[in-house]
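J.: This is the structure, below, for whatever I ask next.
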Amino acid sequence: MSLFKDNYENILASIGKERVLVAVSKTKPVSDIQALYDLGHRDFGENYVQELTDKQQQLPDDIRWHFIGHLQSNKVKYIAPFVHLIHGVDSLKLLHEIDKQAAKNQRIISCLLQVHIATEETKFGLSEVELNELINQVNLQKSTGGLPSVVIAGLMGMASFTEDREKIHQEFRHLKSMFDKAKINFVDKSISILSMGMSADYQVAIEEGSNMVRIGSLIFGAR
Ligand SMILES: *Cc1c(COP(=O)(O)O)cnc(C)c1O
């Protein structure tokens with residue numbers, strides 16, 4: 001009987017079948033990931049490149065690995081052979097490197113653009129203005145055949161760390177409105193994923209339109 005079974009099943013029931021649960025396994029041992037895998041789960045999220053590549057080598061090949069941390073351009077090559085979705089893209093430079101490494105591996109890599117919606121300075125990501133600029137730049141490049149090996153699949157964001165539920169609602173609502181606009185403005189019409197919501201705020205995120213939640217401590221316990 002898996003340690004995580006009850007937590008996992010409760011979360012699955014509360015998010016519903018139409019949303020994706022990314023189980024955030026950072027700092028947790030491979031045995032924890034294997035236990036959830038044995039319950040049928042396949043989407044796992046990691047924040048650090050070294051930790052992700054170590055775990056990927058030890059675990060089954062059909063796991064869909066989500067990179068949810070801050071990705072440096074010089075590390076893209078390590079995850080490009082297998083990564084399923086990169087959540088934290090915030091520059092054209094990084095997109096170009098992902099495109100290059102995807103092509104080298106004869107893959108197409110899906111990416112989410114990370115938007116800064118929290119008031120805390122520490123959470124990186126694009127402002128709304130920067131997001132629109134980046135979408136325009138990617139549109140321009142794609143229209144002339146550039147960036148063939150990356151797909152912009154959606155947006156990702158993190159709300160402020162606060163007890164103020166209304167503030168969290170507002171931040172997620174803002175991200176949802178940017179998502180709706182991006183869906184229309186983006187030339188590829190590939191935008192379909194809105195990754196928002198963590199252990200503390202995923203229910204708010206779902207109420208505001210999230211279709212992918214990233215949950216760690218509520219499944220695996222505190223880090
Ligand atoms: C760690 C992390 C999570 C999961 O956090 P929990 O509070 O443990 O659910 C989700 N998203 C990102 C980007 C993270 O770094």
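Following the order of the structure tokens, first chain is A, next is B, and so on, with residues numbered from 1 inside each chain and ligands from 1 in the order they appear.
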Which chains and residue numbers are within 9 Å of ligand 1, counting only C-alpha atoms and all ligand atoms, if I want them as a PyMOL selection string?

T.: chain A and resi 22-26+45-47+67-70+87-88+156-158+195-202+213-223

J.: Considering only C-alpha atoms, return as a JSON list (two decimals) with N, CA, C and O atoms, in the first residue's frame whatever protein or nucleic-acid residues lie within 10 Å of Pro81 (chain A), sequence-local ones (same chain, fewer than 2 positions apart) excluded.

T.:
[["chain", "number", "residue", "atom", "x", "y", "z"],
["A", 76, "VAL", "N", 20.25, 23.64, -21.20],
["A", 76, "VAL", "CA", 19.15, 23.08, -22.00],
["A", 76, "VAL", "C", 19.55, 21.74, -22.60],
["A", 76, "VAL", "O", 18.76, 20.79, -22.66],
["A", 77, "LYS", "N", 20.82, 21.65, -23.03],
["A", 77, "LYS", "CA", 21.28, 20.44, -23.72],
["A", 77, "LYS", "C", 21.13, 19.16, -22.89],
["A", 77, "LYS", "O", 20.95, 18.08, -23.44],
["A", 78, "TYR", "N", 21.16, 19.30, -21.58],
["A", 78, "TYR", "CA", 21.07, 18.10, -20.73],
["A", 78, "TYR", "C", 19.66, 17.52, -20.66],
["A", 78, "TYR", "O", 19.48, 16.33, -20.41],
["A", 79, "ILE", "N", 18.67, 18.37, -20.82],
["A", 79, "ILE", "CA", 17.29, 17.86, -20.69],
["A", 79, "ILE", "C", 16.59, 17.71, -22.05],
["A", 79, "ILE", "O", 15.56, 17.05, -22.13],
["A", 83, "VAL", "N", 12.94, 15.84, -22.19],
["A", 83, "VAL", "CA", 11.96, 16.65, -21.45],
["A", 83, "VAL", "C", 10.62, 16.73, -22.21],
["A", 83, "VAL", "O", 10.59, 16.81, -23.43],
["A", 84, "HIS", "N", 9.52, 16.67, -21.46],
["A", 84, "HIS", "CA", 8.18, 16.69, -22.07],
["A", 84, "HIS", "C", 7.65, 18.11, -22.23],
["A", 84, "HIS", "O", 7.08, 18.47, -23.25],
["A", 101, "GLN", "N", 18.62, 22.81, -29.47],
["A", 101, "GLN", "CA", 18.86, 21.51, -28.83],
["A", 101, "GLN", "C", 17.76, 20.51, -29.19],
["A", 101, "GLN", "O", 18.03, 19.31, -29.29],
["A", 102, "ALA", "N", 16.55, 20.99, -29.39],
["A", 102, "ALA", "CA", 15.46, 20.10, -29.83],
["A", 102, "ALA", "C", 15.79, 19.54, -31.20],
["A", 102, "ALA", "O", 15.68, 18.33, -31.44],
["A", 103, "ALA", "N", 16.24, 20.41, -32.10],
["A", 103, "ALA", "CA", 16.59, 19.97, -33.46],
["A", 103, "ALA", "C", 17.71, 18.94, -33.44],
["A", 103, "ALA", "O", 17.65, 17.93, -34.14],
["A", 104, "LYS", "N", 18.70, 19.19, -32.61],
["A", 104, "LYS", "CA", 19.82, 18.25, -32.50],
["A", 104, "LYS", "C", 19.35, 16.86, -32.10],
["A", 104, "LYS", "O", 19.95, 15.85, -32.44],
["A", 105, "ASN", "N", 18.28, 16.83, -31.30],
["A", 105, "ASN", "CA", 17.73, 15.55, -30.83],
["A", 105, "ASN", "C", 16.56, 15.08, -31.68],
["A", 105, "ASN", "O", 15.85, 14.15, -31.29],
["A", 106, "GLN", "N", 16.36, 15.74, -32.81],
["A", 106, "GLN", "CA", 15.23, 15.43, -33.70],
["A", 106, "GLN", "C", 13.91, 15.37, -32.94],
["A", 106, "GLN", "O", 13.13, 14.44, -33.08],
["A", 107, "ARG", "N", 13.73, 16.40, -32.11],
["A", 107, "ARG", "CA", 12.50, 16.48, -31.33],
["A", 107, "ARG", "C", 11.86, 17.85, -31.52],
["A", 107, "ARG", "O", 12.51, 18.80, -31.98],
["A", 109, "ILE", "N", 10.05, 20.47, -28.91],
["A", 109, "ILE", "CA", 9.86, 20.64, -27.47],
["A", 109, "ILE", "C", 8.79, 21.69, -27.19],
["A", 109, "ILE", "O", 8.85, 22.81, -27.72]]

J.: For a quick check of understanding, using only C-alpha atoms, which of A:Gln203, A:Ser190, A:Phe124, A:Val30 has the smallest distance to Ile11 (chain A)?

T.: A:Gln203

J.: Which of these residues is nearest to Ile135 (chain A), using only C-alpha atoms: A:Glu51, A:Glu18, A:Asp188, A:Asp6?

T.: A:Asp188

J.: Output as a ChimeraX atom specification all residues of region 61-169 of chain A that backbone DSSP marks as helix (DSSP H, G or I).

T.: /A:73-79,92-104,128-143,165-169

J.: For Gln58 (chain A), list every protein, DNA or RNA residue within 12 Å, evaluated using only C-alpha atoms, and leave out those in the same chain fewer than 5 positions away; present the list as a PyMOL selection string.

T.: chain A and resi 29-31+33-34+51-53+63

J.: Restricted to N, CA and C atoms, what would the selected residues look like written as a tab-separated table (two decimals), in the first residue's frame?

T.:
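In the end it all went to selection.tsv:
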chain	number	residue	atom	x	y	z
A	29	PRO	N	13.15	11.38	-3.04
A	29	PRO	CA	13.91	10.26	-3.62
A	29	PRO	C	13.17	9.58	-4.77
A	30	VAL	N	13.94	8.87	-5.60
A	30	VAL	CA	13.33	8.16	-6.73
A	30	VAL	C	12.29	7.13	-6.25
A	31	SER	N	12.48	6.61	-5.05
A	31	SER	CA	11.50	5.62	-4.55
A	31	SER	C	10.11	6.25	-4.39
A	33	ILE	N	8.94	8.68	-6.31
A	33	ILE	CA	8.42	8.83	-7.66
A	33	ILE	C	7.93	7.48	-8.18
A	34	GLN	N	8.73	6.45	-7.91
A	34	GLN	CA	8.34	5.10	-8.35
A	34	GLN	C	7.01	4.68	-7.70
A	51	GLU	N	19.39	17.27	-10.88
A	51	GLU	CA	18.49	16.35	-10.17
A	51	GLU	C	17.55	15.65	-11.16
A	52	LEU	N	17.07	16.40	-12.12
A	52	LEU	CA	16.17	15.83	-13.12
A	52	LEU	C	16.87	14.75	-13.96
A	53	THR	N	18.09	15.05	-14.44
A	53	THR	CA	18.76	14.07	-15.29
A	53	THR	C	19.15	12.81	-14.49
A	63	ILE	N	7.82	8.12	-18.29
A	63	ILE	CA	7.47	9.28	-17.46
A	63	ILE	C	7.55	10.54	-18.32

J.: In Å, rounded to a single decimal, give me how far CA of Ser110 (chain A) is from CA of Ser192 (chain A).

T.: 11.1 Å

J.: Would you give me, as a PDB file with C-alpha atoms, in the first residue's frame, the residues in region 29-199 of chain A that DSSP reads as strand (DSSP E)?

T.:
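Dumped to selection20.pdb:
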ATOM      1  CA  ASP A  43       3.613  13.485 -15.108  1.00  0.00           C
ATOM      2  CA  PHE A  44       6.390  14.607 -12.774  1.00  0.00           C
ATOM      3  CA  GLY A  45       7.942  18.048 -12.250  1.00  0.00           C
ATOM      4  CA  GLU A  46      11.502  18.939 -11.251  1.00  0.00           C
ATOM      5  CA  ARG A  64       6.589  12.725 -18.819  1.00  0.00           C
ATOM      6  CA  TRP A  65       9.139  15.042 -17.211  1.00  0.00           C
ATOM      7  CA  HIS A  66       8.173  18.678 -16.692  1.00  0.00           C
ATOM      8  CA  PHE A  67      10.939  21.179 -16.062  1.00  0.00           C
ATOM      9  CA  LEU A  85       7.333  20.312 -21.219  1.00  0.00           C
ATOM     10  CA  ILE A  86       9.437  23.297 -20.124  1.00  0.00           C
ATOM     11  CA  HIS A  87       7.296  25.568 -17.934  1.00  0.00           C
ATOM     12  CA  GLY A  88       9.574  28.521 -17.198  1.00  0.00           C
ATOM     13  CA  VAL A  89      10.549  30.122 -20.497  1.00  0.00           C
ATOM     14  CA  ILE A 109       9.856  20.635 -27.471  1.00  0.00           C
ATOM     15  CA  SER A 110       6.765  22.239 -25.988  1.00  0.00           C
ATOM     16  CA  CYS A 111       7.260  25.299 -23.791  1.00  0.00           C
ATOM     17  CA  LEU A 112       5.192  27.503 -21.532  1.00  0.00           C
ATOM     18  CA  LEU A 113       5.964  31.193 -21.162  1.00  0.00           C
ATOM     19  CA  GLN A 114       6.279  32.173 -17.521  1.00  0.00           C
ATOM     20  CA  VAL A 115       4.465  35.321 -16.501  1.00  0.00           C
ATOM     21  CA  HIS A 116       5.203  37.247 -13.320  1.00  0.00           C
ATOM     22  CA  VAL A 150       9.694  24.698 -30.332  1.00  0.00           C
ATOM     23  CA  VAL A 151       5.977  24.907 -29.704  1.00  0.00           C
ATOM     24  CA  ILE A 152       4.559  27.587 -27.434  1.00  0.00           C
ATOM     25  CA  ALA A 153       1.951  25.490 -25.678  1.00  0.00           C
ATOM     26  CA  GLY A 154       0.731  27.951 -23.072  1.00  0.00           C
ATOM     27  CA  LEU A 155       1.449  30.082 -20.023  1.00  0.00           C
ATOM     28  CA  MET A 156       2.622  29.413 -16.483  1.00  0.00           C
ATOM     29  CA  GLY A 157       2.555  31.569 -13.373  1.00  0.00           C
ATOM     30  CA  MET A 158       2.867  31.596  -9.609  1.00  0.00           C
ATOM     31  CA  ILE A 193      -2.118  24.947 -21.434  1.00  0.00           C
ATOM     32  CA  LEU A 194      -2.556  27.223 -18.439  1.00  0.00           C
ATOM     33  CA  SER A 195      -0.213  25.959 -15.711  1.00  0.00           C
ATOM     34  CA  MET A 196      -1.198  27.579 -12.435  1.00  0.00           C
TER      35      MET A 196
END
